[in-house]
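**Q** The structure is given below, and queries will be raised subsequently.
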2 protein chains.
Amino acid sequence: MPNRTVFFISDGTGITAETFGRAILAQFETKFRQVRMPFMDSVDKAHQAVRQINHALVVDGKKPIVFTTLVNAEILQVIRDGCQGMLLDMFGTFVQPLEAELQATSNHRIGRFSDASKSKEYQSRIEAINFSLAHDDGQSNLDLEQSDVILVGVSRSGKTPTSLYLAMQYGLKASNYPLIPEDFERQHLPIVLKTHQSKLFGLTIQAERLSDIRKERRPNSIYASLENCRMEVREAESMMRRSGIRWLSTTTKSIEEIATTILQEIHPERLNFE
Amino acid sequence: MPNRTVFFISDGTGITAETFGRAILAQFETKFRQVRMPFMDSVDKAHQAVRQINHALVVDGKKPIVFTTLVNAEILQVIRDGCQGMLLDMFGTFVQPLEAELQATSNHRIGRFSDASKSKEYQSRIEAINFSLAHDDGQSNLDLEQSDVILVGVSRSGKTPTSLYLAMQYGLKASNYPLIPEDFERQHLPIVLKTHQSKLFGLTIQAERLSDIRKERRPNSIYASLENCRMEVREAESMMRRSGIRWLSTTTKSIEEIATTILQEIHPERLNFE
């Protein structure tokens with residue numbers, strides 16, 4: 001049983017505090033009880049939080065760890081004054097030296113998502129999610145040219161979660177297209193993809209792993225058999241090689257790693273990043 | 001034109017560095033040119049990065065800002081020694097005080113996602129994404145009882161992106177079910193949902209906003225007309241009120257804010273969080 005508590009406190013959703021805090025905590029073997037405290041937008045809530053943090057100290061007998069991305073100075077001060085945990089002030093620590101370097105004062109804006117629903121960036125993310133859903137698994141060729149990326153690969157090689165992640169995290173319109181036995185017989189990529197060569201990216205996977213994944217879906221099927229998976233993977237890889245499209249193996253990669261690698265290779269024009 | 005460059009450097013995907021760095025930078029009005037440097041896993045790459053950072057200083061005439069989540073000490077040292085930018089070492093800053101407090105040494109594990117593809121947590125995220133896709137828009141009632149959350153609401157109220165976000169970010173099996181005119185005529189929630197009351201959460205939206213969103217899909221349709229949207233929203237809200245299910249308005253909220261609020265209300269059992 002975890003016997004030390006970690007708190008994530010934020011004015012907004014707390015997603016930044018949590019993402020970052022968990023990455024830091026992953027550096028330690030210790031297991032922690034984790035408590036999320038989002039939308040901390042009043043002094044009252046801060047006083048409540050202080051009581052809860054100090055209570056955890058009594059119960060655990062160990063100093064709670066408190067990650068905060070609070071930008072409201074008054075609310076942060078309440079935590080600072082009352083909390084007997086170890087306070088890791090993620091914003092203050094970096095914002096102050098940045099103010100000096102940039103010779104600018106920070107605007108104390110809360111969270112990266114405030115008023116997000118009206119911003120152009122946000123709306124294009126939602127549009128990208130809808131687009132990627134509509135273009136999942138070669139469902140539709142309509143507006144295919146609007147894709148930023150088109151993933152290809154055999155069934156269950158990781159195309160769908162990667163497409164959705166690219167849409168959700170980066171606002172990219174990511175289509176995906178399965179490579180199926182009919183394509184292998186024809187010995188070329190689906191015709192509709194030919195004009196989009198620069199946007200194509202292939203996913204492949206170890207046949208053994210693929211067979212395991214497919215067996216969970218359809219046990220005892222030819223589809224999931226190791227022999228069939230080996231054939232499909234071999235055919236798909238040789239087709240991608242012949243077509244000169246870039247590809248990677250997803251066998252030991254998370255969707256985050258796959259997506260990051262694709263971005264490095266494809267450099268979608270719409271992404272205001274190098 | 002942005003005339004100062006920001007670098008995000010990481011041993012892994014750089015997603016933590018980028019999420020956190022961008023949240024910090026959002027505190028300033030300044031626009032930055034942003035350069036992502038993921039997978040920095042060798043001293044050679046670090047030397048290259050140093051050259052690129054110092055080149056940006058010459059071009060911009062301003063100190064680049066360098067966010068790093070590097071955990072490899074040797075690689076970090078190359079950056080530290082050579083880089084003439086402002087180095088914000090996000091891990092070192094917090095890991096060292098934590099080592100003292102926890103009386104433990106950090107394991108210098110790279111990124112939160114390394115070897116993720118084999119972890120149980122990761123696999124349940126992928127499973128959740130597949131589940132949420134299969135249970136989008138009331139497509140399937142199969143295994144509905146496995147849902148952690150079931151979202152209900154009128155068409156285009158934000159159910160699909162929220163479900164996918166809950167799956168992707170938190171590994172929750174999030175189904176969603178549309179409330180349609182037939183339900184309003186029958187005056188009760190779809191029968192299949194009755195036994196899942198504790199998992200239901202409603203999304204509603206301002207009729208004007210809904211009409212705008214629907215018009216983008218189907219201009220000049222009854223479906224998108226303000227009059228129809230007003231009727232659907234009114235009926236859906238009164239149905240949710242009568243059924244005693246919790247709900248929120250998505251009109252001015254991002255999917256991150258909607259998801260965080262739902263988690264606070266629903267407390268899914270599977271989530272090892274308070």
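Just remember, in the structure tokens the first chain shown is A, the second B, etc., residues are 1-based per chain, and ligands are 1-based in the order shown.
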Tell me, which residues of range 119-220 of chain A carry DSSP helix (DSSP H, G or I), written as a PyMOL selection string?
**A** chain A and resi 120-134+136-138+144-146+159-170+181-186+191-199+207-217
**Q** If we count only C-alpha atoms and set the cut-off at 12 Å, which residues sit around Gly61 in chain A, ignoring sequence neighbours fewer than 4 positions away in its own chain? Please answer as a PyMOL selection string.
**A** chain A and resi 2-5+53-57+84-85
**Q** Print the selection's residues with C-alpha atoms to a file, as a PDB file, in the first residue's frame.
**A**
ATOM      1  CA  PRO A   2       1.298   3.458  -0.902  1.00  0.00           C
ATOM      2  CA  ASN A   3       1.938   5.359   2.282  1.00  0.00           C
ATOM      3  CA  ARG A   4       2.799   8.758   0.973  1.00  0.00           C
ATOM      4  CA  THR A   5       0.389  11.100  -0.761  1.00  0.00           C
ATOM      5  CA  ILE A  53      -2.825  18.030   2.736  1.00  0.00           C
ATOM      6  CA  ASN A  54      -2.021  18.422   6.419  1.00  0.00           C
ATOM      7  CA  HIS A  55      -4.432  15.617   7.257  1.00  0.00           C
ATOM      8  CA  ALA A  56      -2.519  13.341   4.841  1.00  0.00           C
ATOM      9  CA  LEU A  57       0.658  14.163   6.759  1.00  0.00           C
ATOM     10  CA  GLN A  84       3.046  21.290   5.738  1.00  0.00           C
ATOM     11  CA  GLY A  85       3.825  19.183   2.666  1.00  0.00           C
TER      12      GLY A  85
END
**Q** Considering only C-alpha atoms, can you say which of A:Glu256, A:Gln103, A:Val50, A:Leu164 comes closest to Thr16 in chain B?
**A**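 The answer is A:Glu256, which sits nearest to Thr16 in chain B.
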**Q** Just want the 9 Å neighbourhood of range 219-233 of chain B, counted on only C-alpha atoms, with same-chain residues fewer than 3 positions away dropped. Output as a count of residues only.
**A** 21
**Q** Find, counting only C-alpha atoms, the residue in B:Leu142, B:Ala174, B:Leu133, B:Val58 that gets nearest to chain A.
**A**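 Among the listed residues, the smallest separation from chain A belongs to B:Leu133.
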**Q** Between A:Ala134, A:Cys83, A:Leu166, A:Ile255, single out the one closest to chain B, counting only C-alpha atoms.
**A**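 The answer is A:Ile255, which sits nearest to chain B.
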**Q** Hey, what does DSSP flag as strand (DSSP E or B) within range 34-173 of chain B? Can you give it to me as a list in words?
**A** Gln34, Val35, Arg36, Met37, Ile65, Val66, Phe67, Thr68, Met86, Leu87, Leu88, Asp89, Val149, Ile150, Leu151, Val152 and Gly153 of chain B
**Q** In Å, how far is it from CA of Val35 in chain B to CA of Leu151 in chain A?
**A**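 Distance reported for this atom pair: 24.0 Å.
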**Q** I'd like the contact shell of Tyr177 in chain A - 6 Å cut-off, only C-alpha atoms, skipping same-chain residues fewer than 4 positions apart - returned as a PDB file with N, CA and C atoms, in the first residue's frame.
**A**
ATOM      1  N   ASP A 137      -9.493   3.645 -40.920  1.00  0.00           N
ATOM      2  CA  ASP A 137      -9.585   2.343 -41.568  1.00  0.00           C
ATOM      3  C   ASP A 137     -10.099   2.424 -43.009  1.00  0.00           C
ATOM      4  N   GLY A 138      -9.694   3.457 -43.721  1.00  0.00           N
ATOM      5  CA  GLY A 138     -10.071   3.604 -45.126  1.00  0.00           C
ATOM      6  C   GLY A 138     -11.561   3.743 -45.376  1.00  0.00           C
ATOM      7  N   VAL A 152      -0.522   3.859 -43.215  1.00  0.00           N
ATOM      8  CA  VAL A 152      -0.902   2.583 -43.815  1.00  0.00           C
ATOM      9  C   VAL A 152      -0.244   1.447 -43.032  1.00  0.00           C
TER      10      VAL A 152
END
